[in-house]
>>> print(open('coords_30.csv').read())   # CSV, C-alpha atoms and all ligand atoms
chain,number,residue,atom,x,y,z
A,1,MET,CA,0.0,0.0,0.0
A,2,SER,CA,1.4,3.4,-1.0
A,3,PHE,CA,2.1,6.0,1.7
A,4,PHE,CA,-0.6,8.3,0.4
A,5,HIS,CA,-3.2,5.5,0.1
A,6,TRP,CA,-2.4,4.5,3.7
A,7,LEU,CA,-2.5,8.2,4.8
A,8,THR,CA,-6.0,8.8,3.3
A,9,THR,CA,-7.6,5.5,4.0
A,10,GLY,CA,-6.0,3.5,6.8
A,11,SER,CA,-4.3,6.0,9.2
A,12,SER,CA,-5.7,7.4,12.4
A,13,ASN,CA,-2.3,8.9,13.2
A,14,GLY,CA,-1.6,12.6,13.2
A,15,ILE,CA,-2.9,15.3,15.6
A,16,LEU,CA,-5.9,17.6,15.8
A,17,LEU,CA,-4.3,21.0,15.7
A,18,GLU,CA,-6.0,23.7,17.6
A,19,GLN,CA,-5.7,26.7,15.4
A,20,GLU,CA,-4.1,29.9,16.8
A,21,LYS,CA,-5.3,32.1,14.0
A,22,GLU,CA,-6.8,35.1,15.9
A,23,PRO,CA,-6.4,38.0,15.8
A,24,ALA,CA,-4.9,38.0,12.3
A,25,LEU,CA,-7.9,36.2,10.7
A,26,SER,CA,-10.6,38.5,12.0
A,27,LYS,CA,-9.0,41.7,10.6
A,28,PRO,CA,-9.2,42.5,6.9
A,29,PHE,CA,-5.9,42.2,5.1
A,30,LEU,CA,-3.8,45.3,4.8
A,31,PRO,CA,-2.1,46.4,1.6
A,32,PHE,CA,1.7,46.8,2.1
A,33,TYR,CA,2.7,47.9,-1.4
A,34,SER,CA,5.7,49.6,-2.7
A,35,SER,CA,5.1,52.3,-5.4
A,36,ALA,CA,6.7,49.9,-7.9
A,37,THR,CA,3.8,47.5,-7.4
A,38,LEU,CA,1.3,50.0,-8.4
A,39,GLN,CA,3.3,51.1,-11.5
A,40,SER,CA,4.2,47.7,-12.8
A,41,ALA,CA,0.7,46.2,-13.0
A,42,GLY,CA,-1.1,46.1,-16.3
A,43,PHE,CA,-1.4,44.1,-19.6
A,44,SER,CA,-4.0,44.0,-22.2
A,45,HIS,CA,-5.6,40.7,-23.2
A,46,GLY,CA,-8.8,42.0,-24.9
A,47,TYR,CA,-11.1,39.2,-23.6
A,48,ASP,CA,-14.7,39.9,-22.7
A,49,PHE,CA,-15.0,38.4,-19.2
A,50,THR,CA,-18.7,38.8,-19.1
A,51,LYS,CA,-18.9,35.9,-21.5
A,52,PRO,CA,-17.7,32.3,-20.6
A,53,LEU,CA,-13.9,32.1,-20.8
A,54,THR,CA,-12.4,29.0,-22.3
A,55,LYS,CA,-9.6,26.9,-20.8
A,56,ALA,CA,-7.1,28.3,-23.4
A,57,GLN,CA,-8.1,31.9,-22.6
A,58,LEU,CA,-7.7,31.4,-18.8
A,59,CYS,CA,-4.4,29.7,-19.4
A,60,GLN,CA,-3.2,32.6,-21.6
A,61,ILE,CA,-4.3,35.2,-19.0
A,62,ALA,CA,-2.7,33.3,-16.1
A,63,ARG,CA,0.5,33.1,-18.2
A,64,LEU,CA,0.5,36.8,-19.1
A,65,ALA,CA,-0.2,37.7,-15.4
A,66,ASN,CA,2.6,35.5,-14.1
A,67,ILE,CA,0.3,33.9,-11.5
A,68,ILE,CA,1.9,31.5,-9.1
A,69,ASP,CA,-0.4,29.2,-7.1
A,70,GLU,CA,0.5,29.8,-3.4
A,71,ARG,CA,-0.6,26.3,-2.4
A,72,ASP,CA,2.2,24.4,-4.4
A,73,GLY,CA,4.4,27.2,-5.9
A,74,LYS,CA,3.5,26.1,-9.4
A,75,PRO,CA,2.6,28.6,-12.3
A,76,LEU,CA,-1.2,28.6,-12.6
A,77,ALA,CA,-1.0,28.6,-16.4
A,78,GLU,CA,0.9,25.3,-16.3
A,79,LYS,CA,-1.6,23.7,-13.9
A,80,ILE,CA,-4.5,24.7,-16.1
A,81,GLU,CA,-2.7,23.6,-19.3
A,82,ASN,CA,-1.7,20.2,-17.8
A,83,CYS,CA,-5.2,19.2,-16.8
A,84,PRO,CA,-7.1,17.5,-19.6
A,85,LYS,CA,-10.5,19.0,-19.9
A,86,GLN,CA,-12.3,15.6,-20.1
A,87,LYS,CA,-10.5,14.4,-17.0
A,88,ILE,CA,-11.5,17.2,-14.6
A,89,SER,CA,-14.9,16.9,-12.9
A,90,VAL,CA,-14.2,18.8,-9.7
A,91,VAL,CA,-12.7,22.3,-9.2
A,92,CYS,CA,-11.8,23.3,-5.6
A,93,ALA,CA,-10.6,26.5,-4.0
A,94,ASP,CA,-8.1,25.6,-1.3
A,95,ALA,CA,-8.5,27.7,1.9
A,96,ILE,CA,-7.5,24.9,4.3
A,97,ASP,CA,-4.7,26.7,6.0
A,98,ASP,CA,-4.3,23.8,8.4
A,99,GLU,CA,-1.2,25.1,10.2
A,100,PRO,CA,-1.2,27.1,13.5
A,101,TYR,CA,-1.2,30.9,13.1
A,102,VAL,CA,-1.5,30.9,9.3
A,103,SER,CA,-4.7,32.3,7.8
A,104,SER,CA,-3.4,33.8,4.5
A,105,GLN,CA,-5.8,31.7,2.3
A,106,ILE,CA,-9.0,32.0,4.3
A,107,ASN,CA,-8.5,35.7,5.1
A,108,PRO,CA,-8.6,36.9,1.4
A,109,LEU,CA,-11.5,34.4,0.9
A,110,LEU,CA,-13.5,36.1,3.6
A,111,HIS,CA,-12.7,39.6,2.5
A,112,CYS,CA,-12.8,39.2,-1.3
A,113,ARG,CA,-15.3,36.4,-1.5
A,114,THR,CA,-17.1,37.6,-4.7
A,115,GLU,CA,-14.0,37.8,-6.7
A,116,ILE,CA,-12.6,34.5,-5.6
A,117,VAL,CA,-15.8,32.6,-6.2
A,118,GLN,CA,-16.1,34.3,-9.7
A,119,ALA,CA,-12.6,33.1,-10.6
A,120,LEU,CA,-13.5,29.6,-9.3
A,121,ASN,CA,-16.6,29.6,-11.4
A,122,TRP,CA,-14.7,30.7,-14.6
A,123,LEU,CA,-12.3,27.7,-14.1
A,124,ALA,CA,-15.1,25.2,-13.3
A,125,ASP,CA,-17.2,26.4,-16.3
A,126,ALA,CA,-14.2,26.2,-18.6
A,127,PHE,CA,-13.6,22.6,-17.6
A,128,GLU,CA,-17.3,21.9,-17.6
A,129,ALA,CA,-16.8,20.5,-14.0
A,130,GLN,CA,-19.9,19.1,-12.3
A,131,THR,CA,-18.7,20.0,-8.8
A,132,ARG,CA,-17.1,23.1,-7.4
A,133,PHE,CA,-16.4,23.9,-3.8
A,134,ILE,CA,-14.3,25.8,-1.3
A,135,ALA,CA,-12.3,23.7,1.2
A,136,VAL,CA,-11.6,25.0,4.7
A,137,TYR,CA,-10.2,23.3,7.8
A,138,LYS,CA,-12.7,22.3,10.5
A,139,ASN,CA,-10.6,22.3,13.6
A,140,MET,CA,-10.3,26.1,13.9
A,141,SER,CA,-11.0,27.4,17.4
A,142,PRO,CA,-11.5,29.7,19.1
A,143,LEU,CA,-12.7,31.9,16.3
A,144,ASP,CA,-14.6,35.2,16.4
A,145,THR,CA,-14.8,34.9,12.6
A,146,LYS,CA,-17.8,32.9,11.3
A,147,ILE,CA,-17.0,30.7,8.4
A,148,PRO,CA,-20.1,30.6,6.2
A,149,SER,CA,-21.3,27.3,4.8
A,150,VAL,CA,-22.1,28.8,1.4
A,151,ILE,CA,-20.4,31.7,-0.4
A,152,GLU,CA,-22.0,33.1,-3.5
A,153,SER,CA,-24.0,29.8,-4.0
A,154,VAL,CA,-20.8,27.7,-3.8
A,155,GLU,CA,-20.5,25.1,-1.0
A,156,VAL,CA,-17.8,25.7,1.7
A,157,ARG,CA,-16.8,22.2,2.7
A,158,SER,CA,-15.2,21.8,6.2
A,159,MET,CA,-12.5,19.2,5.9
A,160,GLU,CA,-12.3,17.3,9.2
A,161,GLY,CA,-9.4,15.3,10.4
A,162,ARG,CA,-5.9,15.1,11.7
A,163,TYR,CA,-2.8,17.0,10.5
A,164,PRO,CA,-1.6,17.2,7.8
A,165,MET,CA,-5.1,17.8,6.6
A,166,GLU,CA,-4.1,19.6,3.4
A,167,ILE,CA,-2.4,16.4,2.1
A,168,ARG,CA,-5.1,14.0,3.4
A,169,ALA,CA,-8.1,16.0,2.1
A,170,PHE,CA,-6.7,16.4,-1.4
A,171,GLN,CA,-5.3,12.9,-1.8
A,172,SER,CA,-8.8,11.6,-1.1
A,173,LEU,CA,-10.3,13.8,-3.8
A,174,GLY,CA,-8.7,11.9,-6.6
A,175,GLU,CA,-7.1,12.9,-9.9
A,176,ASP,CA,-10.2,14.4,-11.4
A,177,THR,CA,-9.9,17.4,-9.2
A,178,LEU,CA,-8.2,20.7,-10.0
A,179,ILE,CA,-7.2,22.5,-6.8
A,180,VAL,CA,-6.2,26.2,-6.8
A,181,GLY,CA,-5.3,28.4,-3.9
A,182,THR,CA,-7.7,31.2,-3.0
A,183,ALA,CA,-4.9,33.8,-3.4
A,184,ALA,CA,-4.2,32.6,-6.9
A,185,LEU,CA,-7.9,32.8,-7.7
A,186,LEU,CA,-7.9,36.4,-6.5
A,187,HIS,CA,-4.9,37.2,-8.7
A,188,LEU,CA,-6.7,35.5,-11.6
A,189,HIS,CA,-9.7,37.7,-11.1
A,190,ARG,CA,-7.6,40.8,-11.1
A,191,ALA,CA,-5.8,39.7,-14.3
A,192,VAL,CA,-9.1,39.0,-16.1
A,193,THR,CA,-11.0,42.1,-15.0
A,194,GLN,CA,-8.2,44.6,-14.7
A,195,GLY,CA,-5.3,43.2,-16.7
A,196,LYS,CA,-3.1,43.1,-13.6
A,197,ILE,CA,0.0,40.9,-13.3
A,198,GLN,CA,0.8,39.3,-10.0
A,199,THR,CA,3.2,41.5,-8.1
A,200,THR,CA,2.0,40.7,-4.5
A,201,SER,CA,1.6,37.8,-2.1
A,202,PHE,CA,-0.9,37.3,0.7
A,203,ILE,CA,1.0,36.7,3.9
A,204,THR,CA,0.2,36.1,7.6
A,205,VAL,CA,2.7,37.8,9.9
A,206,ALA,CA,2.2,36.3,13.4
A,207,GLY,CA,3.9,34.5,16.3
A,208,ASN,CA,4.3,35.0,20.0
A,209,CYS,CA,6.5,38.1,19.6
A,210,ILE,CA,4.5,40.0,16.9
A,211,SER,CA,2.7,43.0,18.5
A,212,ASN,CA,0.0,43.3,15.8
A,213,PRO,CA,-0.5,40.0,14.0
A,214,ARG,CA,-2.0,40.7,10.5
A,215,ASN,CA,-2.6,39.4,7.1
A,216,LEU,CA,-0.8,41.7,4.6
A,217,GLU,CA,-0.8,41.9,0.9
A,218,VAL,CA,2.9,42.4,0.2
A,219,THR,CA,4.9,43.3,-2.8
A,220,ILE,CA,7.0,40.3,-4.0
A,221,GLY,CA,10.6,41.0,-3.1
A,222,THR,CA,9.9,43.0,0.1
A,223,PRO,CA,12.5,42.1,2.8
A,224,VAL,CA,11.1,40.1,5.7
A,225,SER,CA,12.5,42.8,8.1
A,226,HIS,CA,10.0,45.4,6.6
A,227,LEU,CA,7.1,43.1,7.5
A,228,LEU,CA,8.4,42.7,11.0
A,229,ASP,CA,8.7,46.5,11.3
A,230,ARG,CA,5.2,46.9,9.9
A,231,CYS,CA,3.6,44.5,12.4
A,232,GLY,CA,5.9,45.3,15.3
A,233,LEU,CA,7.9,43.1,17.7
A,234,SER,CA,7.0,43.0,21.3
A,235,ARG,CA,10.4,41.3,22.1
A,236,LYS,CA,13.4,40.0,20.2
A,237,PRO,CA,12.6,36.8,18.3
A,238,SER,CA,14.6,33.7,19.0
A,239,TYR,CA,13.8,32.5,15.5
A,240,ILE,CA,11.9,33.6,12.4
A,241,ILE,CA,10.3,31.2,10.0
A,242,GLN,CA,9.3,31.8,6.4
A,243,GLY,CA,6.5,29.3,5.4
A,244,SER,CA,4.7,27.9,8.4
A,245,ALA,CA,5.1,26.7,12.0
A,246,MET,CA,5.2,23.0,10.9
A,247,HIS,CA,6.8,23.2,7.5
A,248,GLY,CA,8.7,26.5,7.3
A,249,ILE,CA,12.4,27.3,6.9
A,250,THR,CA,14.4,29.4,9.2
A,251,VAL,CA,15.2,33.0,8.1
A,252,SER,CA,18.8,33.7,9.1
A,253,ASP,CA,18.9,37.3,7.9
A,254,PRO,CA,15.5,39.1,7.6
A,255,ASP,CA,17.1,42.0,5.7
A,256,LYS,CA,18.4,39.7,3.0
A,257,THR,CA,15.4,37.3,2.8
A,258,SER,CA,12.6,38.5,0.5
A,259,VAL,CA,8.9,37.6,0.1
A,260,ARG,CA,8.3,35.3,-2.8
A,261,ALA,CA,5.2,34.7,-4.9
A,262,ASP,CA,4.3,31.6,-2.9
A,263,THR,CA,5.2,32.9,0.6
A,264,ARG,CA,2.2,32.3,2.8
A,265,SER,CA,3.5,33.4,6.2
A,266,ILE,CA,6.3,34.9,8.3
A,267,LEU,CA,6.2,33.8,11.9
A,268,ALA,CA,8.5,35.1,14.7
A,269,PHE,CA,8.8,33.2,18.0
A,270,HIS,CA,10.5,33.9,21.2
A,271,VAL,CA,11.7,30.9,23.2
A,272,ASP,CA,12.3,31.2,26.8
A,273,HIS,CA,15.8,29.8,27.3
A,274,GLN,CA,15.0,29.1,31.0
A,275,GLU,CA,12.9,26.2,29.5
A,276,GLN,CA,15.2,23.2,29.5
A,277,LEU,CA,15.3,20.4,26.9
A,278,TYR,CA,14.6,17.2,28.7
A,279,SER,CA,15.4,13.7,27.8
A,280,CYS,CA,12.8,11.5,26.2
A,281,ILE,CA,10.4,10.3,28.9
A,282,GLY,CA,9.0,7.5,26.7
A,283,CYS,CA,5.5,8.8,26.6
A,284,GLY,CA,4.9,7.5,23.0
A,285,ARG,CA,3.0,10.7,21.9
A,286,CYS,CA,5.3,11.1,18.9
A,287,ILE,CA,4.6,7.6,17.7
A,288,GLU,CA,0.8,8.1,18.1
A,289,ALA,CA,1.0,11.4,16.2
A,290,CYS,CA,3.3,10.6,13.3
A,291,PRO,CA,1.1,10.6,10.1
A,292,ALA,CA,3.7,8.4,8.4
A,293,ALA,CA,3.4,5.7,11.1
A,294,LEU,CA,7.1,6.0,12.0
A,295,ASN,CA,8.7,5.8,15.4
A,296,PRO,CA,10.2,9.3,15.7
A,297,ARG,CA,11.7,8.5,19.1
A,298,LYS,CA,13.7,5.6,17.8
A,299,LEU,CA,14.7,7.5,14.6
A,300,TYR,CA,16.0,10.3,16.7
A,301,ARG,CA,18.1,7.9,18.8
A,302,CYS,CA,19.5,6.2,15.7
A,303,VAL,CA,20.5,9.5,14.1
A,304,THR,CA,22.1,10.9,17.2
A,305,THR,CA,24.0,7.7,17.8
A,306,ASN,CA,25.0,7.5,14.1
A,307,HIS,CA,23.2,4.2,13.4
A,308,GLY,CA,22.3,5.0,9.8
A,309,GLU,CA,21.4,1.5,8.6
A,310,GLN,CA,19.0,1.0,11.5
A,311,ALA,CA,17.4,4.4,10.9
A,312,ILE,CA,16.9,3.5,7.2
A,313,ALA,CA,15.4,0.2,8.2
A,314,LEU,CA,13.0,2.1,10.5
A,315,GLY,CA,11.8,4.2,7.6
A,316,LEU,CA,14.0,7.3,7.9
A,317,PHE,CA,13.3,8.2,4.2
A,318,HIS,CA,9.5,7.8,4.6
A,319,CYS,CA,9.5,10.9,7.0
A,320,ILE,CA,7.6,13.7,5.3
A,321,GLY,CA,9.2,16.4,7.5
A,322,CYS,CA,5.8,17.6,8.9
A,323,SER,CA,7.2,18.4,12.4
A,324,THR,CA,4.2,16.9,14.2
A,325,CYS,CA,6.5,14.9,16.4
A,326,SER,CA,8.5,18.0,17.5
A,327,TYR,CA,5.3,19.9,18.0
A,328,ILE,CA,3.8,17.3,20.3
A,329,CYS,CA,6.9,16.2,22.3
A,330,PRO,CA,6.5,17.2,26.0
A,331,SER,CA,10.3,17.0,26.4
A,332,ARG,CA,10.7,19.7,23.7
A,333,LEU,CA,13.0,17.5,21.6
A,334,ASP,CA,13.3,18.8,18.0
A,335,LEU,CA,12.8,15.3,16.6
A,336,SER,CA,11.9,16.4,13.1
A,337,HIS,CA,15.0,18.6,12.7
A,338,ILE,CA,17.3,15.8,13.8
A,339,ILE,CA,15.5,13.3,11.6
A,340,THR,CA,15.9,15.7,8.6
A,341,LEU,CA,19.6,16.0,9.3
A,342,GLY,CA,19.7,12.2,9.4
A,343,LYS,CA,18.1,12.0,6.0
A,344,GLN,CA,20.8,14.3,4.6
A,345,LYS,CA,23.6,12.5,6.4
A,346,PHE,CA,22.6,9.0,5.5
A,347,SER,CA,21.3,9.6,1.9
A,348,LYS,CA,24.7,8.4,0.6
A,349,ASP,CA,24.4,5.1,2.4
A,350,LYS,CA,21.0,4.6,0.9
A,351,ASN,CA,22.3,5.0,-2.7
A,401,LIG,S1,8.5,14.8,10.9
A,401,LIG,FE1,8.7,12.7,10.2
A,401,LIG,S2,8.9,11.4,12.0
A,401,LIG,FE2,8.1,13.4,12.7
A,401,LIG,S3,5.8,13.2,12.7
A,401,LIG,FE3,6.4,14.0,10.7
A,401,LIG,S4,6.6,12.2,9.3
A,401,LIG,FE4,6.7,11.5,11.5
A,402,LIG,S1,7.0,12.5,22.4
A,402,LIG,FE1,9.1,13.1,23.1
A,402,LIG,S2,9.2,12.3,25.2
A,402,LIG,FE2,7.4,11.3,24.2
A,402,LIG,S3,8.3,9.4,23.4
A,402,LIG,FE3,8.4,10.9,21.7
A,402,LIG,S4,10.5,11.7,21.9
A,402,LIG,FE4,10.0,10.7,23.9
>>> encode(input="coords_30.csv", output="C-alpha cells", more="lines below")
Ligand code: SF4
Ligand code: SF4
Amino acid sequence: MSFFHWLTTGSSNGILLEQEKEPALSKPFLPFYSSATLQSAGFSHGYDFTKPLTKAQLCQIARLANIIDERDGKPLAEKIENCPKQKISVVCADAIDDEPYVSSQINPLLHCRTEIVQALNWLADAFEAQTRFIAVYKNMSPLDTKIPSVIESVEVRSMEGRYPMEIRAFQSLGEDTLIVGTAALLHLHRAVTQGKIQTTSFITVAGNCISNPRNLEVTIGTPVSHLLDRCGLSRKPSYIIQGSAMHGITVSDPDKTSVRADTRSILAFHVDHQEQLYSCIGCGRCIEACPAALNPRKLYRCVTTNHGEQAIALGLFHCIGCSTCSYICPSRLDLSHIITLGKQKFSKDKN
C-alpha cells in the first residue's frame, strides 16, 4: 500500500491542531505595497470576461499575469494547461490553512469572496466540471470569525481530520480534481477584470512576539524585516520562519530574505531559554501522532548515535518532515529537525 493511500484510508495517526489564528484572521488584510507594485501592474488581453472564458483563454491570461499558485508554488497557467478538460470533474478552491497561526488563504477568501468565487466559477465552467467547492479546515477554534457554509452559492466544505489535513483531504479527492489556492484565484480575477499581473503575495505575519498580527498583501521582493517592522515586535525573536510553523524554513537574515510569490507566512517566535530540553520520557506521543506511522523517538536515537542502517530500516526516508513529532513532544525535543539532518547525512548510504 502506498504511503498516500495509507494516509488517506488507513491511518488514524496525526494530531488535531488547535488553530491559533486570531487576531490575524478576523481583521481585513492590509495592503503593504511599494510604489513599484502600483506602477508595474497592467497588460492587455482583450477578452470579454462577461462571456464564458475557455480553458485556453484562462491559461493565456494566467501566463501573461505570471500567477503562481501559493498552495504548491506552481505557475497557474501550467496547472490549467496540464489538466485534460475531459478528466476534470471537480474544481476546488483551497482555503484549508491547516497550520497554526496561518490564515493567508482563508483571510482573502472572507474579504474578497465575490472575486474568488467568480474566478473559481470561470475555471469550473471552462472545464465543464460538475462539482465546485471551497475547502476549509474544520478544527479552527476559538474563532470570532464565522466561516459561512455557502459563499455566492458555492459550498464551503469543512475538511475534518488530523494533521496534515491539506495532504489528506486532497489525496482523497482523486485525480479528477483541479485545486487552486484562494490567493491565486484572486490574482486570476484581477488579471481577467483589470489586466493586472501578480506583483504581490498574501502573507500572515504572526507568532508570539509579533505585536500586531495581521494578514498583509505584500509586494513580492519585500525584505522580511520590513514586514516585522510593519507589524511590530514585542520582544526579540529567537527565530523567524518563512513558510509555516510546521513546514517552514528558518530565516537567518531578515534583511536579506525576501517575500516570494508563494510565501504564505512569516512567523516570529520567542523561546524562553529558561525552558530546558529534557530527555525522552518514553510517553509515546510522537509515535501516536506521526502521520507516516514511524517511530520518531527511535529514529531520533538512531540518528544521534550514528546508526544510519538501523534508521533507514526504521523508515527514515519515509519521513515527510511535517514536524508533528516535535510539536507534540512534551520534552521539547526537536525530533523532526534531527530526523531531517539524518536524511541528509545517510542519503549516501542509501544509494
Ligand atoms: S516529521 Fe517525520 S517522523 Fe516526525 S511526525 Fe512528521 S513524518 Fe513522522
Ligand atoms: S514525544 Fe518526546 S518524550 Fe514522548 S516518546 Fe516521543 S521523543 Fe520521547
>>> closest_residue(input="coords_30.csv", among="A:Ala206, A:Ile287, A:Ile167, A:Ile240", to="ligand LIG 402 (chain A)", atoms="only C-alpha atoms and all ligand atoms")
A:Ile287
>>> atom_distance(input="coords_30.csv", atom1="atom CA of A:Thr199", atom2="atom CA of A:Phe32")
11.6 Å
>>> closest_residue(input="coords_30.csv", among="A:Leu299, A:Lys79, A:Arg63, A:Val271", to="A:Asn208", atoms="all atoms listed in the file")
A:Val271
>>> closest_residue(input="coords_30.csv", among="A:Ala135, A:Ala124, A:Cys286, A:Ile312", to="ligand LIG 401 (chain A)", atoms="all atoms listed in the file")
A:Cys286
>>> residues_near_ligand(input="coords_30.csv", ligand="ligand LIG 401 (chain A)", cutoff="6 Å", atoms="all atoms listed in the file", output="list in words")
Cys290, Pro291, Ala292, Leu294, Pro296, Cys319, Ile320, Gly321, Cys322, Ser323, Thr324, Cys325 and Ser336 of chain A
>>> write_last_selection(input="coords_30.csv", atoms="C-alpha atoms", output="mmCIF file, in the frame of the given file")
data_model
loop_
_atom_site.group_PDB
_atom_site.id
_atom_site.type_symbol
_atom_site.label_atom_id
_atom_site.label_comp_id
_atom_site.auth_asym_id
_atom_site.auth_seq_id
_atom_site.Cartn_x
_atom_site.Cartn_y
_atom_site.Cartn_z
ATOM 1 C CA CYS A 290 3.300 10.600 13.300
ATOM 2 C CA PRO A 291 1.100 10.600 10.100
ATOM 3 C CA ALA A 292 3.700 8.400 8.400
ATOM 4 C CA LEU A 294 7.100 6.000 12.000
ATOM 5 C CA PRO A 296 10.200 9.300 15.700
ATOM 6 C CA CYS A 319 9.500 10.900 7.000
ATOM 7 C CA ILE A 320 7.600 13.700 5.300
ATOM 8 C CA GLY A 321 9.200 16.400 7.500
ATOM 9 C CA CYS A 322 5.800 17.600 8.900
ATOM 10 C CA SER A 323 7.200 18.400 12.400
ATOM 11 C CA THR A 324 4.200 16.900 14.200
ATOM 12 C CA CYS A 325 6.500 14.900 16.400
ATOM 13 C CA SER A 336 11.900 16.400 13.100
#
>>> residues_near_ligand(input="coords_30.csv", ligand="ligand LIG 402 (chain A)", cutoff="6 Å", atoms="only C-alpha atoms and all ligand atoms", output="PyMOL selection string")
chain A and resi 280-286+297+329-331
>>> closest_residue(input="coords_30.csv", among="A:Val192, A:Ile210, A:Val91, A:Val117", to="A:Val150", atoms="only C-alpha atoms")
A:Val117
>>> atom_distance(input="coords_30.csv", atom1="atom CA of A:Asn66", atom2="atom CA of A:Thr114")
21.9 Å
>>> closest_residue(input="coords_30.csv", among="A:Phe317, A:Phe29, A:Trp122, A:Tyr300", to="A:Thr193", atoms="all atoms listed in the file")
A:Trp122
>>> closest_residue(input="coords_30.csv", among="A:Arg71, A:His270, A:Lys146, A:Arg157", to="A:Gly207", atoms="all atoms listed in the file")
A:His270
>>> atom_distance(input="coords_30.csv", atom1="atom CA of A:Ser149", atom2="atom CA of A:Arg113")
12.6 Å
>>> closest_atom_pairs(input="coords_30.csv", of="stretch 16-104 of chain A", to="stretch 227-232 of chain A", cutoff="12 Å", atoms="all atoms listed in the file", output="CSV")
residue,atom,partner,partner_atom,distance
A:Ala24,CA,A:Cys231,CA,10.7
A:Leu30,CA,A:Arg230,CA,10.5
A:Pro31,CA,A:Arg230,CA,11.1
A:Phe32,CA,A:Leu227,CA,8.5
A:Tyr33,CA,A:Leu227,CA,11.0
>>> residues_around(input="coords_30.csv", residues="A:Leu120", least_positions_apart="3", cutoff="9 Å", atoms="all atoms listed in the file", output="list in words")
Val91, Cys92, Ala93, Glu115, Ile116, Val117, Leu123, Ala124, Asp125, Arg132, Phe133, Ile134, Val180, Thr182 and Leu185 of chain A
